[in-house]
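Asks: This is model.pdb (PDB, C-alpha atoms).
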```pdb
ATOM      1  CA  MET A   1     116.847  83.530  45.236
ATOM      2  CA  HIS A   2     117.488  86.747  47.115
ATOM      3  CA  SER A   3     113.760  87.276  47.591
ATOM      4  CA  ARG A   4     113.444  83.813  49.148
ATOM      5  CA  HIS A   5     116.232  84.568  51.629
ATOM      6  CA  LEU A   6     114.631  87.919  52.449
ATOM      7  CA  LEU A   7     111.248  86.274  53.063
ATOM      8  CA  ALA A   8     112.874  83.654  55.294
ATOM      9  CA  ILE A   9     114.607  86.339  57.366
ATOM     10  CA  LEU A  10     111.383  88.354  57.698
ATOM     11  CA  GLY A  11     109.498  85.218  58.738
ATOM     12  CA  ALA A  12     112.068  84.432  61.409
ATOM     13  CA  LEU A  13     111.875  87.992  62.769
ATOM     14  CA  VAL A  14     108.063  87.879  62.924
ATOM     15  CA  ALA A  15     108.109  84.494  64.676
ATOM     16  CA  ALA A  16     110.639  85.769  67.211
ATOM     17  CA  SER A  17     108.559  88.865  67.925
ATOM     18  CA  LEU A  18     105.387  86.831  68.435
ATOM     19  CA  SER A  19     106.944  84.156  70.641
ATOM     20  CA  PRO A  20     106.407  84.784  74.384
ATOM     21  CA  ALA A  21     109.380  86.238  76.220
ATOM     22  CA  PRO A  22     110.807  84.113  79.017
ATOM     23  CA  ARG A  23     109.359  85.139  82.355
ATOM     24  CA  ALA A  24     111.737  86.415  84.976
ATOM     25  CA  ARG A  25     111.740  84.278  88.082
ATOM     26  CA  ALA A  26     110.457  86.027  91.177
ATOM     27  CA  GLU A  27     113.233  86.582  93.707
ATOM     28  CA  VAL A  28     112.070  85.510  97.152
ATOM     29  CA  HIS A  29     114.234  86.032 100.219
ATOM     30  CA  GLY A  30     113.563  85.574 103.894
ATOM     31  CA  GLY A  31     115.030  85.687 107.330
ATOM     32  CA  ALA A  32     114.336  85.467 111.039
ATOM     33  CA  THR A  33     115.626  87.052 114.232
ATOM     34  CA  VAL A  34     115.528  85.818 117.810
ATOM     35  CA  GLU A  35     116.007  88.562 120.402
ATOM     36  CA  LEU A  36     116.360  88.139 124.137
ATOM     37  CA  GLY A  37     116.116  91.073 126.492
ATOM     38  CA  PHE A  38     117.237  90.725 130.119
ATOM     39  CA  GLN A  39     116.887  93.022 133.110
ATOM     40  CA  ARG A  40     117.393  92.668 136.843
ATOM     41  CA  VAL A  41     115.799  95.263 139.120
ATOM     42  CA  ASP A  42     115.102  94.848 142.857
ATOM     43  CA  ASP A  43     115.975  91.121 142.793
ATOM     44  CA  VAL A  44     113.440  90.535 140.014
ATOM     45  CA  ASN A  45     114.667  89.066 136.734
ATOM     46  CA  ALA A  46     112.844  89.949 133.531
ATOM     47  CA  PHE A  47     113.220  88.127 130.209
ATOM     48  CA  THR A  48     111.590  89.132 126.939
ATOM     49  CA  PRO A  49     112.240  86.690 124.080
ATOM     50  CA  LEU A  50     111.025  88.093 120.760
ATOM     51  CA  LEU A  51     110.786  86.154 117.497
ATOM     52  CA  SER A  52     110.444  88.050 114.223
ATOM     53  CA  GLY A  53     110.584  87.028 110.586
ATOM     54  CA  TRP A  54     110.277  88.488 107.118
ATOM     55  CA  VAL A  55     109.824  87.445 103.506
ATOM     56  CA  SER A  56     110.671  89.772 100.595
ATOM     57  CA  ILE A  57     109.508  89.450  96.993
ATOM     58  CA  GLN A  58     111.601  90.989  94.192
ATOM     59  CA  GLN A  59     113.264  93.073  96.934
ATOM     60  CA  ARG A  60     110.295  95.433  96.702
ATOM     61  CA  ALA A  61     107.587  94.088  98.992
ATOM     62  CA  ARG A  62     108.392  92.713 102.417
ATOM     63  CA  LEU A  63     106.022  90.788 104.698
ATOM     64  CA  GLU A  64     106.851  91.004 108.404
ATOM     65  CA  ALA A  65     105.707  89.237 111.565
ATOM     66  CA  ALA A  66     106.745  89.351 115.227
ATOM     67  CA  MET A  67     105.668  87.780 118.507
ATOM     68  CA  GLY A  68     107.076  88.230 121.992
ATOM     69  CA  LEU A  69     106.858  86.731 125.462
ATOM     70  CA  ALA A  70     107.465  88.436 128.805
ATOM     71  CA  VAL A  71     108.733  86.471 131.812
ATOM     72  CA  LEU A  72     109.306  87.621 135.396
ATOM     73  CA  GLY A  73     111.251  85.576 137.914
ATOM     74  CA  GLU A  74     111.699  86.189 141.638
ATOM     75  CA  GLY A  75     113.103  83.477 143.840
ATOM     76  CA  GLY A  76     111.656  80.206 142.615
ATOM     77  CA  GLU A  77     108.520  81.753 141.134
ATOM     78  CA  ARG A  78     107.959  82.466 137.449
ATOM     79  CA  GLN A  79     105.252  84.456 135.724
ATOM     80  CA  ALA A  80     104.913  84.591 131.932
ATOM     81  CA  ALA A  81     102.580  86.405 129.552
ATOM     82  CA  PRO A  82     102.413  86.451 125.734
ATOM     83  CA  GLY A  83     102.754  89.725 123.879
ATOM     84  CA  ASN A  84     100.781  91.011 120.915
ATOM     85  CA  PRO A  85     101.549  89.371 117.541
ATOM     86  CA  TYR A  86     102.407  91.891 114.840
ATOM     87  CA  LEU A  87     101.755  91.522 111.111
ATOM     88  CA  GLY A  88     102.885  94.106 108.570
ATOM     89  CA  VAL A  89     104.037  94.873 105.059
ATOM     90  CA  ALA A  90     106.737  97.268 103.838
ATOM     91  CA  PHE A  91     107.637  98.511 100.370
ATOM     92  CA  THR A  92     111.021  99.643  99.100
ATOM     93  CA  LEU A  93     110.847 103.106  97.555
ATOM     94  CA  PRO A  94     112.818 104.028  94.402
ATOM     95  CA  THR A  95     115.677 106.330  95.396
ATOM     96  CA  THR A  96     119.140 107.049  94.048
ATOM     97  CA  ARG A  97     121.440 106.399  97.001
ATOM     98  CA  ALA A  98     119.571 105.785 100.248
ATOM     99  CA  ARG A  99     117.567 102.602 100.806
ATOM    100  CA  THR A 100     114.159 103.868 101.832
ATOM    101  CA  TYR A 101     110.970 102.067 102.773
ATOM    102  CA  ALA A 102     107.420 102.707 103.950
ATOM    103  CA  GLY A 103     105.017 100.264 105.516
ATOM    104  CA  ALA A 104     102.089  99.573 107.795
ATOM    105  CA  GLY A 105     100.971  96.849 110.156
ATOM    106  CA  VAL A 106      98.711  95.853 113.005
ATOM    107  CA  ALA A 107      99.360  94.421 116.474
ATOM    108  CA  ILE A 108      96.608  92.003 117.492
ATOM    109  CA  PRO A 109      95.439  92.331 121.140
ATOM    110  CA  VAL A 110      96.503  88.994 122.605
ATOM    111  CA  ALA A 111      98.236  90.401 125.709
ATOM    112  CA  THR A 112      95.629  90.628 128.457
ATOM    113  CA  ALA A 113      95.234  93.008 131.372
ATOM    114  CA  GLY A 114      94.947  91.820 134.941
ATOM    115  CA  PRO A 115      97.171  89.343 136.799
ATOM    116  CA  ASP A 116      99.329  88.789 133.685
ATOM    117  CA  SER A 117     100.133  92.485 133.222
ATOM    118  CA  PRO A 118     103.302  92.868 135.387
ATOM    119  CA  PRO A 119     105.595  90.895 133.015
ATOM    120  CA  LEU A 120     104.238  92.864 130.053
ATOM    121  CA  TYR A 121     104.869  96.239 131.682
ATOM    122  CA  ARG A 122     108.393  95.169 132.598
ATOM    123  CA  GLY A 123     108.938  93.963 129.039
ATOM    124  CA  THR A 124     107.919  97.389 127.763
ATOM    125  CA  ALA A 125     110.269  99.151 130.175
ATOM    126  CA  LEU A 126     113.136  96.786 129.345
ATOM    127  CA  ARG A 127     113.192  98.225 125.809
ATOM    128  CA  ALA A 128     112.685 101.805 127.008
ATOM    129  CA  PHE A 129     109.131 101.846 125.565
ATOM    130  CA  ARG A 130     110.372 101.051 122.057
ATOM    131  CA  ASP A 131     107.765  99.149 119.991
ATOM    132  CA  GLN A 132     105.540  99.054 123.048
ATOM    133  CA  TRP A 133     102.561  97.896 120.958
ATOM    134  CA  LEU A 134     104.200  94.453 121.088
ATOM    135  CA  TRP A 135     103.709  94.317 124.866
ATOM    136  CA  ALA A 136     100.844  96.675 125.754
ATOM    137  CA  PRO A 137      98.020  94.646 127.368
ATOM    138  CA  GLY A 138      94.455  95.162 126.237
ATOM    139  CA  THR A 139      95.549  97.165 123.191
ATOM    140  CA  LEU A 140      94.942  96.964 119.456
ATOM    141  CA  ALA A 141      97.529  98.955 117.479
ATOM    142  CA  ALA A 142      97.665 100.223 113.909
ATOM    143  CA  VAL A 143     101.214 101.195 112.932
ATOM    144  CA  ILE A 144     102.665 103.108 110.000
ATOM    145  CA  SER A 145     106.428 103.185 109.529
ATOM    146  CA  GLY A 146     109.161 104.519 107.308
ATOM    147  CA  GLY A 147     112.902 104.755 107.192
ATOM    148  CA  ALA A 148     116.098 105.180 105.225
ATOM    149  CA  ALA A 149     119.624 103.764 105.338
ATOM    150  CA  THR A 150     122.629 105.156 103.532
ATOM    151  CA  PRO A 151     126.392 104.517 103.601
ATOM    152  CA  ALA A 152     128.212 107.558 104.949
ATOM    153  CA  GLY A 153     131.656 106.516 103.700
ATOM    154  CA  GLY A 154     134.704 105.257 105.534
ATOM    155  CA  GLY A 155     132.887 102.184 106.836
ATOM    156  CA  PHE A 156     130.068 104.196 108.401
ATOM    157  CA  GLU A 157     126.369 103.595 107.770
ATOM    158  CA  ALA A 158     123.523 105.748 109.064
ATOM    159  CA  THR A 159     119.877 104.732 109.375
ATOM    160  CA  LEU A 160     116.777 106.608 110.453
ATOM    161  CA  ALA A 161     113.450 104.919 111.213
ATOM    162  CA  GLY A 162     110.166 106.347 112.416
ATOM    163  CA  ASP A 163     106.863 104.849 113.543
ATOM    164  CA  ALA A 164     103.472 106.280 114.388
ATOM    165  CA  ALA A 165     100.944 104.031 116.108
ATOM    166  CA  LEU A 166      97.334 104.435 117.103
ATOM    167  CA  LEU A 167      96.745 102.438 120.289
ATOM    168  CA  VAL A 168      93.123 101.435 120.815
ATOM    169  CA  GLY A 169      92.118 100.156 124.240
ATOM    170  CA  THR A 170      90.240  96.848 124.205
ATOM    171  CA  ASP A 171      90.215  96.416 128.005
ATOM    172  CA  ASP A 172      89.452  99.313 130.356
ATOM    173  CA  ARG A 173      91.703  97.789 133.006
ATOM    174  CA  ALA A 174      94.744  98.490 130.812
ATOM    175  CA  ARG A 175      93.853 101.348 128.454
ATOM    176  CA  ASP A 176      90.801 103.570 128.299
ATOM    177  CA  GLY A 177      90.231 105.158 124.884
ATOM    178  CA  LEU A 178      92.896 106.011 122.311
ATOM    179  CA  ASP A 179      96.574 106.884 122.518
ATOM    180  CA  VAL A 180      99.076 108.040 119.906
ATOM    181  CA  ASP A 181     102.577 106.577 120.098
ATOM    182  CA  LEU A 182     105.396 108.261 118.147
ATOM    183  CA  GLN A 183     108.961 106.971 118.005
ATOM    184  CA  LEU A 184     112.109 107.902 116.109
ATOM    185  CA  VAL A 185     115.281 105.800 115.996
ATOM    186  CA  GLY A 186     118.618 106.950 114.606
ATOM    187  CA  THR A 187     121.442 104.414 114.279
ATOM    188  CA  GLY A 188     125.085 104.745 113.326
ATOM    189  CA  THR A 189     127.259 101.710 112.537
ATOM    190  CA  TYR A 190     130.996 101.515 111.904
ATOM    191  CA  ALA A 191     132.585  98.434 110.322
ATOM    192  CA  LEU A 192     135.676  97.403 112.282
ATOM    193  CA  GLY A 193     136.393  94.737 109.691
ATOM    194  CA  ARG A 194     134.640  92.355 107.345
ATOM    195  CA  MET A 195     132.786  90.624 110.189
ATOM    196  CA  LEU A 196     132.721  92.980 113.173
ATOM    197  CA  SER A 197     130.753  96.226 113.539
ATOM    198  CA  LEU A 198     130.298  98.708 116.356
ATOM    199  CA  GLY A 199     127.293 100.986 116.604
ATOM    200  CA  ALA A 200     124.748 102.832 118.693
ATOM    201  CA  SER A 201     121.079 103.748 118.428
ATOM    202  CA  LEU A 202     119.351 106.797 119.864
ATOM    203  CA  THR A 203     115.612 106.313 120.407
ATOM    204  CA  ALA A 204     112.959 108.885 121.253
ATOM    205  CA  VAL A 205     109.459 107.726 122.233
ATOM    206  CA  TRP A 206     106.598 110.149 122.855
ATOM    207  CA  VAL A 207     102.997 109.392 123.778
ATOM    208  CA  PRO A 208     101.433 112.874 123.671
ATOM    209  CA  THR A 209      97.961 111.653 124.637
ATOM    210  CA  ALA A 210      99.029 109.910 127.861
ATOM    211  CA  ASP A 211      99.122 111.455 131.334
ATOM    212  CA  GLY A 212     102.308 112.260 133.220
ATOM    213  CA  ASP A 213     105.832 112.098 131.797
ATOM    214  CA  THR A 214     105.213 110.806 128.279
ATOM    215  CA  PHE A 215     108.642 111.299 126.652
ATOM    216  CA  GLN A 216     111.476 108.779 126.915
ATOM    217  CA  LEU A 217     114.967 109.077 125.450
ATOM    218  CA  SER A 218     117.346 106.112 125.392
ATOM    219  CA  VAL A 219     120.622 105.018 123.835
ATOM    220  CA  GLU A 220     121.708 101.500 122.871
ATOM    221  CA  PRO A 221     125.385 100.798 122.135
ATOM    222  CA  PHE A 222     125.909  97.440 120.460
ATOM    223  CA  LEU A 223     128.488  95.100 118.959
ATOM    224  CA  ARG A 224     127.601  93.019 115.883
ATOM    225  CA  LEU A 225     129.297  89.959 114.400
ATOM    226  CA  ALA A 226     128.445  88.785 110.870
ATOM    227  CA  LEU A 227     129.262  85.272 109.673
ATOM    228  CA  GLY A 228     127.844  84.846 106.194
ATOM    229  CA  PRO A 229     124.041  84.768 106.467
ATOM    230  CA  LEU A 230     124.234  84.781 110.288
ATOM    231  CA  GLN A 231     124.459  87.837 112.525
ATOM    232  CA  ALA A 232     124.887  87.991 116.287
ATOM    233  CA  GLN A 233     124.475  91.188 118.289
ATOM    234  CA  VAL A 234     124.778  92.200 121.920
ATOM    235  CA  GLY A 235     123.854  95.608 123.299
ATOM    236  CA  LEU A 236     122.643  97.641 126.261
ATOM    237  CA  THR A 237     119.429  99.668 126.373
ATOM    238  CA  LEU A 238     120.092 102.687 128.595
ATOM    239  CA  PRO A 239     117.252 105.152 129.300
ATOM    240  CA  ILE A 240     118.753 108.614 129.555
ATOM    241  CA  ASP A 241     115.987 110.566 131.261
ATOM    242  CA  GLU A 242     112.894 109.939 133.343
ATOM    243  CA  PRO A 243     110.567 108.135 133.722
ATOM    244  CA  LEU A 244     112.870 105.109 133.296
ATOM    245  CA  GLY A 245     116.287 106.732 133.688
ATOM    246  CA  PRO A 246     118.933 107.355 134.634
ATOM    247  CA  PRO A 247     120.444 103.911 133.998
ATOM    248  CA  PHE A 248     121.963 101.843 136.814
ATOM    249  CA  ALA A 249     120.376 104.055 139.483
ATOM    250  CA  ASP A 250     118.525 102.365 142.349
ATOM    251  CA  ASP A 251     115.202 102.923 140.618
ATOM    252  CA  GLY A 252     116.619 103.318 137.101
ATOM    253  CA  GLY A 253     115.959 101.003 134.215
ATOM    254  CA  TRP A 254     118.267  99.306 131.764
ATOM    255  CA  GLY A 255     118.278  96.191 129.654
ATOM    256  CA  THR A 256     120.731  93.824 128.027
ATOM    257  CA  GLN A 257     119.786  92.797 124.496
ATOM    258  CA  PHE A 258     120.972  89.711 122.637
ATOM    259  CA  ALA A 259     119.988  88.955 119.044
ATOM    260  CA  LEU A 260     120.701  86.197 116.545
ATOM    261  CA  SER A 261     119.455  86.510 112.972
ATOM    262  CA  PHE A 262     119.872  84.875 109.594
ATOM    263  CA  ALA A 263     118.860  85.801 106.059
ATOM    264  CA  LEU A 264     118.519  83.701 102.920
TER     265      LEU A 264
END
```
Would you mind giving the structure from this file in structure tokens?

Replies:
Amino acid sequence: MHSRHLLAILGALVAASLSPAPRARAEVHGGATVELGFQRVDDVNAFTPLLSGWVSIQQRARLEAAMGLAVLGEGGERQAAPGNPYLGVAFTLPTTRARTYAGAGVAIPVATAGPDSPPLYRGTALRAFRDQWLWAPGTLAAVISGGAATPAGGGFEATLAGDAALLVGTDDRARDGLDVDLQLVGTGTYALGRMLSLGASLTAVWVPTADGDTFQLSVEPFLRLALGPLQAQVGLTLPIDEPLGPPFADDGGWGTQFALSFAL
């Protein structure tokens, strides 16, 4: 009798070991952001709506896309030009405390040189040359990126993000040859409560292969409101030094940034 029970138990164990384990369901998340930049210089209004979206799988791989539009308005006249669509992928790296990532992408040369260039150049300046591959006319860009975010305690969070882009001219009227674009963005955020946060970003952009003044430093203070999966943000982009700064001078540049995003 005991041997029969033992054989039954062994048979059940073997059957359990051979049966396929239930597959874990892939976790898929996504989100989108609508940004609107605004600038008024010399009675000319500039608008740069930018739509971006992302999809993450298992919180490890993240597919990204972005597309912008640049609009100039003076009096009753309007001039608009599409930017360069961006497609990329980023991977979360295994770390102990900081959330780190590395990725790469390409900006497809849709923005054209010629009569449509003025809105694009103003769109680039409105963001103090940040992510200028989204607006550069006649340019194909290959971008590699990386960054890290970590809580600093006491409601503070610090992030650091860097990008290196190879800009390839596809139209001699806009860009002749190759350029290297390097940018570094440091951001600090302080939670004023469960929904409201105050922060600022410091951005450095350097194009060592370009002629003239090729370094731009800017700061962007911002206020962020979080309502569940929704976030709203308003900020100012203030170039600190030349060629775009100082801000609010007669020939200085600045930009107001609005953003609305959601994540699922």

Asks: Report as JSON, numbers by chain the full result of the PyMOL selection byres ((chain A and resi 124) around 12) when it is applied to this structure.

Replies: {"A": [37, 38, 39, 46, 47, 48, 68, 69, 70, 71, 83, 84, 117, 118, 119, 120, 121, 122, 123, 125, 126, 127, 128, 129, 130, 131, 132, 133, 134, 135, 136, 137, 205, 216, 237, 244, 253, 254, 255]}

Asks: Given all atoms listed in the file as the basis, pick out the residue of A:Gly162, A:Gly76, A:Gly212, A:Gly31 nearest to A:Ile144.

Replies: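 Nearest to A:Ile144: A:Gly162.
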
Asks: Kindly indicate which residue among A:Leu50, A:Ala81, A:Leu198, A:Val234 lies nearest to A:Gly114, using all atoms listed in the file for the distances.

Replies: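 Closest residue, counting all atoms listed in the file: A:Ala81.
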
Asks: One decimal, in Å: what's the spacing between atom CA of A:Arg60 and atom CA of A:Gly105?

Replies: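 So the answer is 16.4 Å.
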
Asks: Any chance you could resolve the PyMOL selection byres ((chain A and resi 109) around 12) against this file and give the residues as a CSV table (one decimal) with C-alpha atoms, in the frame of the given file?

Replies:
```csv
chain,number,residue,atom,x,y,z
A,67,MET,CA,105.7,87.8,118.5
A,82,PRO,CA,102.4,86.5,125.7
A,83,GLY,CA,102.8,89.7,123.9
A,84,ASN,CA,100.8,91.0,120.9
A,85,PRO,CA,101.5,89.4,117.5
A,86,TYR,CA,102.4,91.9,114.8
A,87,LEU,CA,101.8,91.5,111.1
A,106,VAL,CA,98.7,95.9,113.0
A,107,ALA,CA,99.4,94.4,116.5
A,108,ILE,CA,96.6,92.0,117.5
A,110,VAL,CA,96.5,89.0,122.6
A,111,ALA,CA,98.2,90.4,125.7
A,112,THR,CA,95.6,90.6,128.5
A,113,ALA,CA,95.2,93.0,131.4
A,133,TRP,CA,102.6,97.9,121.0
A,134,LEU,CA,104.2,94.5,121.1
A,135,TRP,CA,103.7,94.3,124.9
A,136,ALA,CA,100.8,96.7,125.8
A,137,PRO,CA,98.0,94.6,127.4
A,138,GLY,CA,94.5,95.2,126.2
A,139,THR,CA,95.5,97.2,123.2
A,140,LEU,CA,94.9,97.0,119.5
A,141,ALA,CA,97.5,99.0,117.5
A,142,ALA,CA,97.7,100.2,113.9
A,167,LEU,CA,96.7,102.4,120.3
A,168,VAL,CA,93.1,101.4,120.8
A,169,GLY,CA,92.1,100.2,124.2
A,170,THR,CA,90.2,96.8,124.2
A,171,ASP,CA,90.2,96.4,128.0
A,174,ALA,CA,94.7,98.5,130.8
A,175,ARG,CA,93.9,101.3,128.5
```

Asks: Which value, in Å to one decimal, gives the distance between atom CA of A:Val44 and atom CA of A:Glu74?

Replies: 5.0 Å

Asks: At what distance in Å, to one decimal, does atom CA of A:Thr150 lie from atom CA of A:Ala98?

Replies: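 It comes out at 4.5 Å.
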
Asks: With the file shown as input, list the residues that the PyMOL selection byres ((chain A and resi 33) around 12) selects, as a PyMOL selection string.

Replies: chain A and resi 30-32+34-36+49-54+64-68+229-233+258-263

Asks: Store the residues picked out above, limited to C-alpha atoms, as a PDB file, in the frame of the given file.

Replies:
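What landed in out-v1.pdb:
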```
ATOM      1  CA  GLY A  30     113.563  85.574 103.894  1.00  0.00           C
ATOM      2  CA  GLY A  31     115.030  85.687 107.330  1.00  0.00           C
ATOM      3  CA  ALA A  32     114.336  85.467 111.039  1.00  0.00           C
ATOM      4  CA  VAL A  34     115.528  85.818 117.810  1.00  0.00           C
ATOM      5  CA  GLU A  35     116.007  88.562 120.402  1.00  0.00           C
ATOM      6  CA  LEU A  36     116.360  88.139 124.137  1.00  0.00           C
ATOM      7  CA  PRO A  49     112.240  86.690 124.080  1.00  0.00           C
ATOM      8  CA  LEU A  50     111.025  88.093 120.760  1.00  0.00           C
ATOM      9  CA  LEU A  51     110.786  86.154 117.497  1.00  0.00           C
ATOM     10  CA  SER A  52     110.444  88.050 114.223  1.00  0.00           C
ATOM     11  CA  GLY A  53     110.584  87.028 110.586  1.00  0.00           C
ATOM     12  CA  TRP A  54     110.277  88.488 107.118  1.00  0.00           C
ATOM     13  CA  GLU A  64     106.851  91.004 108.404  1.00  0.00           C
ATOM     14  CA  ALA A  65     105.707  89.237 111.565  1.00  0.00           C
ATOM     15  CA  ALA A  66     106.745  89.351 115.227  1.00  0.00           C
ATOM     16  CA  MET A  67     105.668  87.780 118.507  1.00  0.00           C
ATOM     17  CA  GLY A  68     107.076  88.230 121.992  1.00  0.00           C
ATOM     18  CA  PRO A 229     124.041  84.768 106.467  1.00  0.00           C
ATOM     19  CA  LEU A 230     124.234  84.781 110.288  1.00  0.00           C
ATOM     20  CA  GLN A 231     124.459  87.837 112.525  1.00  0.00           C
ATOM     21  CA  ALA A 232     124.887  87.991 116.287  1.00  0.00           C
ATOM     22  CA  GLN A 233     124.475  91.188 118.289  1.00  0.00           C
ATOM     23  CA  PHE A 258     120.972  89.711 122.637  1.00  0.00           C
ATOM     24  CA  ALA A 259     119.988  88.955 119.044  1.00  0.00           C
ATOM     25  CA  LEU A 260     120.701  86.197 116.545  1.00  0.00           C
ATOM     26  CA  SER A 261     119.455  86.510 112.972  1.00  0.00           C
ATOM     27  CA  PHE A 262     119.872  84.875 109.594  1.00  0.00           C
ATOM     28  CA  ALA A 263     118.860  85.801 106.059  1.00  0.00           C
TER      29      ALA A 263
END
```
